[in-house]
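Q: Sharing a structure below in structure tokens format, with a few things to ask.
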Amino acid sequence: MKIIPLIYTVIISLLPFMTFAQTDSLGRERDIIDLGRQIFARKPARTGDAVQQDKLRLSVLPAAGYTLQTGFAGVLSANAIFRTGRDSADNISAILTNITYSEYRQVILPLQGYIWTRDNKYNIIVDWRFMKYPQYTYGLGGYTKATDGYRIDYSNIHLYQTLMRYVAPYIYAGLGYNFDYYWNVKELSPPVGKVTDFQSYGLSDKVVASGITLNGLYDSRKNPINATQGSFARVTYRPNFTWMGSDANWQSLIFDLRHYFKFPSRSHNVLAIWSYDWFTTGGTPPYLMLPGTGWDPYSNTGRGYIQGRYRGRNMLYLEGEYRFRITRNGLLGGVVYANGESVSEPVTNRFETVAPGWGGGLRIRLNKFSNTNIAIDYSFGLNGSRGFFVNLGEVF
């Protein structure tokens, strides 16, 4: 969930509760905890190493804030990273949550995990959520206007589980199961005397989608929370079946592609590129499960626009971000970025428009051991769309 930081009431980093041999000194690096120790306790910065075998690194961020989709909200963000084996070559696993209650009585309770077993033999991906989520919708296609928005409401349980096995270096393949259940779906303030796109497409007060997933993965990153080098590519094909409980048979295909490299090559600066492309390959998905702005697993596509601003049967998305240090010790950094998204039109099913977004932001290191940053961005879109977008960890 993205929250504008009005008041960071507490910043806590819970550090290791077991000791291991050092592998990489971080004595010269600094984070918020080091700063607090020096100012309030007059203690030196912590030394040690990055994520080691069996060591848990936990970062927690309680905050209050405001966004267009939530109004004023309270949020508790947390992530934990660790290795399941004792080999430093084992990939780093991550578990994330972001618990939110908002002015609009939205409740968001997610649990997301990206876990590697010992020797990187299996990759386990978890995405579980409960949402009570009044929000705005704007209709279908890229020609909709901001003034077309009106409020809808629903509750949702979202249970996605994937298991992939090692095939070749950095390459994995496997199966998963995805279940979505929406209930109490309703339009709260539809335009008077007009049939909405939601109504035309198919408005139902209850929706069930249930299907298996076929997954392929290439991942050469070392830290999924803040990658500095390597590549990530995931392909997910999801066929939903009525015999598995789904309301209808339909299929989707998602490509999530990312690449990171240092630029200049000997610096700490990183150029990151992300493409998130989401297609309906058959059938008719429920309106609320169509591709749309901010509906990737971490709600980060389309910085510059409110979540759900654009929606269609298919979506193309591309973003580039340049990350750089402001202070030599890594405490402060910055980013500049630009993105573009296009959704297919409801009648022609063609991509006819592109909605660009752009902006910049600040990075404040919360935990130097896990390399977790507080990401605070200000983004712009077309027709005056703008706002803050904040994450615990990098956007992608």
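Going by the structure tokens order, chains are called A, B, ..., each with residues numbered from 1, while ligands are numbered from 1 in the order shown.
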Just list as a PyMOL selection string whatever in stretch 36-164 of chain A DSSP marks as strand (DSSP E).
A: chain A and resi 57-67+71-82+93-102+107-116+122-132+135-137+150-164
Q: So which residues touch A:Ser59 within 12 Å, counting only C-alpha atoms, skipping near sequence neighbours fewer than 4 positions away, as a CSV table (one decimal) with N, CA and C atoms, in the first residue's frame?
A:
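This went into result_12.csv:
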```csv
chain,number,residue,atom,x,y,z
A,10,VAL,N,6.8,6.0,14.6
A,10,VAL,CA,7.8,5.2,15.2
A,10,VAL,C,8.6,4.6,14.0
A,11,ILE,N,9.9,4.5,14.1
A,11,ILE,CA,10.7,3.7,13.1
A,11,ILE,C,11.5,2.7,13.9
A,12,ILE,N,11.3,1.5,13.6
A,12,ILE,CA,11.9,0.4,14.3
A,12,ILE,C,12.6,-0.6,13.4
A,13,SER,N,13.8,-0.9,13.7
A,13,SER,CA,14.4,-2.0,12.9
A,13,SER,C,14.8,-3.1,13.9
A,14,LEU,N,14.2,-4.2,13.9
A,14,LEU,CA,14.5,-5.3,14.8
A,14,LEU,C,15.6,-6.2,14.1
A,15,LEU,N,16.7,-6.2,14.8
A,15,LEU,CA,17.9,-6.8,14.3
A,15,LEU,C,18.1,-8.3,14.8
A,16,PRO,N,19.2,-8.9,14.4
A,16,PRO,CA,19.4,-10.3,14.5
A,16,PRO,C,19.3,-10.8,15.9
A,31,ASP,N,22.4,3.9,8.5
A,31,ASP,CA,21.0,3.9,8.3
A,31,ASP,C,20.3,4.7,9.4
A,32,ILE,N,19.0,4.7,9.5
A,32,ILE,CA,18.3,5.5,10.5
A,32,ILE,C,18.6,5.0,11.9
A,33,ILE,N,18.8,3.7,12.1
A,33,ILE,CA,19.1,3.2,13.4
A,33,ILE,C,20.5,3.7,13.9
A,76,LEU,N,0.9,-0.1,8.9
A,76,LEU,CA,2.0,-0.8,9.5
A,76,LEU,C,2.7,-1.6,8.4
A,77,SER,N,3.9,-1.2,8.0
A,77,SER,CA,4.6,-1.9,6.9
A,77,SER,C,5.7,-2.7,7.6
A,78,ALA,N,6.0,-3.8,7.1
A,78,ALA,CA,7.1,-4.6,7.6
A,78,ALA,C,7.6,-5.6,6.5
A,79,ASN,N,8.9,-5.8,6.6
A,79,ASN,CA,9.5,-6.9,5.7
A,79,ASN,C,10.6,-7.6,6.5
A,80,ALA,N,10.8,-8.8,6.2
A,80,ALA,CA,11.8,-9.7,6.8
A,80,ALA,C,12.6,-10.4,5.7
A,81,ILE,N,13.9,-10.4,5.8
A,81,ILE,CA,14.7,-11.1,4.8
A,81,ILE,C,15.6,-12.1,5.5
A,82,PHE,N,15.9,-13.2,4.9
A,82,PHE,CA,16.6,-14.3,5.6
A,82,PHE,C,17.1,-15.3,4.5
A,94,ALA,N,12.3,-13.3,1.2
A,94,ALA,CA,11.6,-12.1,1.8
A,94,ALA,C,10.2,-12.4,2.1
A,95,ILE,N,9.7,-11.8,3.2
A,95,ILE,CA,8.3,-11.8,3.6
A,95,ILE,C,7.9,-10.4,3.8
A,96,LEU,N,6.7,-10.0,3.3
A,96,LEU,CA,6.3,-8.6,3.4
A,96,LEU,C,4.9,-8.5,3.8
A,97,THR,N,4.5,-7.5,4.6
A,97,THR,CA,3.1,-7.2,4.9
A,97,THR,C,3.0,-5.7,5.0
A,98,ASN,N,1.7,-5.2,4.8
A,98,ASN,CA,1.5,-3.8,4.8
A,98,ASN,C,0.0,-3.6,5.2
A,225,ILE,N,14.3,-7.3,-2.3
A,225,ILE,CA,13.8,-6.1,-1.8
A,225,ILE,C,14.5,-4.9,-2.4
A,365,ARG,N,17.5,5.1,4.1
A,365,ARG,CA,17.8,3.8,4.5
A,365,ARG,C,17.4,3.5,5.9
A,366,LEU,N,16.5,2.5,5.9
A,366,LEU,CA,15.9,2.1,7.2
A,366,LEU,C,16.8,1.0,7.9
A,367,ASN,N,17.3,0.1,7.0
A,367,ASN,CA,18.0,-1.1,7.6
A,367,ASN,C,19.2,-1.4,6.6
A,368,LYS,N,20.4,-1.1,7.0
A,368,LYS,CA,21.5,-1.3,6.1
A,368,LYS,C,21.9,-2.8,5.9
A,369,PHE,N,21.5,-3.6,6.8
A,369,PHE,CA,21.8,-5.0,6.7
A,369,PHE,C,20.9,-5.7,5.6
A,370,SER,N,19.7,-5.3,5.5
A,370,SER,CA,18.8,-5.9,4.5
A,370,SER,C,18.7,-5.0,3.3
A,371,ASN,N,19.4,-3.8,3.4
A,371,ASN,CA,19.4,-2.8,2.3
A,371,ASN,C,17.9,-2.3,2.0
A,372,THR,N,17.1,-2.2,3.1
A,372,THR,CA,15.7,-1.7,3.0
A,372,THR,C,15.7,-0.2,3.1
A,373,ASN,N,15.1,0.4,2.1
A,373,ASN,CA,14.9,1.9,2.1
A,373,ASN,C,13.4,2.2,2.3
A,374,ILE,N,13.2,3.4,2.9
A,374,ILE,CA,11.9,4.1,2.8
A,374,ILE,C,11.8,4.8,1.5
A,392,LEU,N,7.8,0.7,1.5
A,392,LEU,CA,8.9,0.2,2.3
A,392,LEU,C,9.6,-0.8,1.4
A,393,GLY,N,10.8,-0.4,1.0
A,393,GLY,CA,11.5,-1.2,-0.1
A,393,GLY,C,11.3,-0.5,-1.4
```
Q: Smallest atom-to-atom distance to A:Asp277: which of A:Ser342, A:Pro239, A:Ser246, A:Ser220, using only C-alpha atoms?
A: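 Among A:Ser342, A:Pro239, A:Ser246, A:Ser220, it is A:Ser342 that comes nearest to A:Asp277.
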Q: Hey, what's within 10 Å of A:Gln307 if we count only C-alpha atoms and toss same-chain stuff fewer than 5 positions away? As a PyMOL selection string, please?
A: chain A and resi 68-70+135-137+292-295+299-302
Q: Could you please take those selected residues and save C-alpha atoms as an mmCIF file, in the first residue's frame?
A:
```cif
data_model
loop_
_atom_site.group_PDB
_atom_site.id
_atom_site.type_symbol
_atom_site.label_atom_id
_atom_site.label_comp_id
_atom_site.auth_asym_id
_atom_site.auth_seq_id
_atom_site.Cartn_x
_atom_site.Cartn_y
_atom_site.Cartn_z
ATOM 1 C CA LEU A 68 -6.156 9.614 -3.251
ATOM 2 C CA GLN A 69 -7.379 6.025 -3.019
ATOM 3 C CA THR A 70 -7.368 5.791 0.799
ATOM 4 C CA GLN A 135 -12.617 2.742 -4.174
ATOM 5 C CA TYR A 136 -13.110 4.668 -7.419
ATOM 6 C CA THR A 137 -13.516 3.156 -10.858
ATOM 7 C CA GLY A 292 -5.519 -2.124 -14.445
ATOM 8 C CA THR A 293 -3.361 0.630 -12.980
ATOM 9 C CA GLY A 294 -1.848 -0.354 -9.652
ATOM 10 C CA TRP A 295 -3.209 -3.904 -9.647
ATOM 11 C CA SER A 299 0.246 -2.128 -6.328
ATOM 12 C CA ASN A 300 3.096 -0.201 -7.957
ATOM 13 C CA THR A 301 2.339 0.114 -11.673
ATOM 14 C CA GLY A 302 1.311 3.547 -12.895
#
```
Q: Determine which residues of stretch 147-255 of chain A DSSP labels as helix (DSSP H, G or I) from the backbone of this structure, then write them out as a list in words.
A: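 Output for stretch 147-255 of chain A, helix (DSSP H, G or I) only: Thr147, Asp148, Asp197, Phe198, Gln199, Ser200, Tyr201, Gly202, Thr242, Trp243 and Met244 of chain A.
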Q: Take the residues just selected and output them with N, CA and C atoms as a short mmCIF file (atom, residue, chain, number, x, y, z; two decimals), in the first residue's frame.
A:
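Heads up, here's the output in again-v6.cif:
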```cif
data_model
loop_
_atom_site.label_atom_id
_atom_site.label_comp_id
_atom_site.auth_asym_id
_atom_site.auth_seq_id
_atom_site.Cartn_x
_atom_site.Cartn_y
_atom_site.Cartn_z
N THR A 147 -13.04 12.76 -14.53
CA THR A 147 -14.41 13.10 -14.08
C THR A 147 -15.37 11.93 -14.23
N ASP A 148 -14.96 10.86 -14.90
CA ASP A 148 -15.81 9.66 -15.03
C ASP A 148 -15.82 8.81 -13.77
N ASP A 197 -19.85 1.39 -17.54
CA ASP A 197 -19.07 0.29 -18.13
C ASP A 197 -19.13 -0.95 -17.26
N PHE A 198 -19.16 -0.77 -15.96
CA PHE A 198 -19.24 -1.89 -15.03
C PHE A 198 -20.55 -2.65 -15.26
N GLN A 199 -21.65 -1.92 -15.39
CA GLN A 199 -22.95 -2.55 -15.61
C GLN A 199 -22.99 -3.24 -16.97
N SER A 200 -22.47 -2.58 -17.99
CA SER A 200 -22.47 -3.16 -19.33
C SER A 200 -21.61 -4.41 -19.40
N TYR A 201 -20.49 -4.38 -18.71
CA TYR A 201 -19.55 -5.50 -18.75
C TYR A 201 -20.11 -6.70 -17.99
N GLY A 202 -20.80 -6.42 -16.86
CA GLY A 202 -21.35 -7.50 -16.05
C GLY A 202 -21.14 -7.25 -14.58
N THR A 242 -14.73 -23.76 -14.28
CA THR A 242 -15.96 -23.88 -13.49
C THR A 242 -15.94 -25.15 -12.64
N TRP A 243 -15.26 -26.21 -13.10
CA TRP A 243 -15.20 -27.43 -12.31
C TRP A 243 -14.34 -27.26 -11.06
N MET A 244 -13.56 -26.14 -10.99
CA MET A 244 -12.80 -25.84 -9.80
C MET A 244 -13.50 -24.79 -8.92
#
```
Q: Restricting the calculation to only C-alpha atoms: of A:Ala375, A:Val335, A:Leu163, A:Leu203, which residue gets closest to A:Gly359?
A: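 Ranked by minimum distance to A:Gly359, first place goes to A:Val335.
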Q: Hey, which of A:Ala173, A:Val185, A:Leu331, A:Ala227 ends up closest to A:Asn91? Count only C-alpha atoms.
A: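 Nearest candidate to A:Asn91 out of A:Ala173, A:Val185, A:Leu331, A:Ala227: A:Ala227.
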Q: So the first atom is atom CA of A:Tyr122 and the second is atom CA of A:Arg234; what is the distance between them in Å, to one decimal place?
A: 14.8 Å
Q: Measuring between only C-alpha atoms, which one of A:Arg363, A:Lys121, A:Arg266, A:Arg311 shows the shortest distance to A:Arg325?
A: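 Closest to A:Arg325 of all the choices is A:Arg363.
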Q: My list of candidates is A:Asp377, A:Asp34, A:Asp119, A:Glu29. Which is closest to A:Thr327 when distances are computed with only C-alpha atoms?
A: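 Counting only C-alpha atoms, the residue closest to A:Thr327 is A:Glu29.
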Q: As an exercise, work out the distance from atom CA of A:Val195 to atom CA of A:Gly149 in Å and give it to one decimal place.
A: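 Going from atom CA of A:Val195 over to atom CA of A:Gly149 covers 13.4 Å.
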Q: With only C-alpha atoms as the basis for distance, which of A:Gly71, A:Pro62, A:Pro297, A:Gly330 is at the shortest distance from A:Val126?
A: A:Pro297
Q: Would you list the contacts of A:Trp128 as a VMD selection string, taking every protein, DNA or RNA residue within 8 Å and counting only C-alpha atoms, but skipping same-chain residues closer than 5 positions in sequence?
A: chain A and resid 110 to 112 157 to 160
Q: Using N, CA and C atoms, can you export the residues from the last selection as a tab-separated table (two decimals), in the first residue's frame?
A:
```tsv
chain	number	residue	atom	x	y	z
A	110	PRO	N	-2.51	-7.81	3.86
A	110	PRO	CA	-1.77	-8.70	2.95
A	110	PRO	C	-0.65	-9.46	3.66
A	111	LEU	N	-0.30	-10.59	3.09
A	111	LEU	CA	0.91	-11.32	3.47
A	111	LEU	C	1.51	-11.87	2.19
A	112	GLN	N	2.73	-11.43	1.89
A	112	GLN	CA	3.38	-11.83	0.64
A	112	GLN	C	4.75	-12.39	0.96
A	157	ILE	N	-11.28	-11.85	-0.75
A	157	ILE	CA	-10.24	-12.76	-0.27
A	157	ILE	C	-9.46	-13.24	-1.49
A	158	HIS	N	-8.15	-13.17	-1.40
A	158	HIS	CA	-7.26	-13.42	-2.52
A	158	HIS	C	-6.17	-14.35	-1.99
A	159	LEU	N	-6.17	-15.61	-2.47
A	159	LEU	CA	-5.22	-16.62	-2.01
A	159	LEU	C	-4.46	-17.18	-3.21
A	160	TYR	N	-3.20	-16.79	-3.35
A	160	TYR	CA	-2.35	-17.25	-4.44
A	160	TYR	C	-1.15	-17.97	-3.84
```
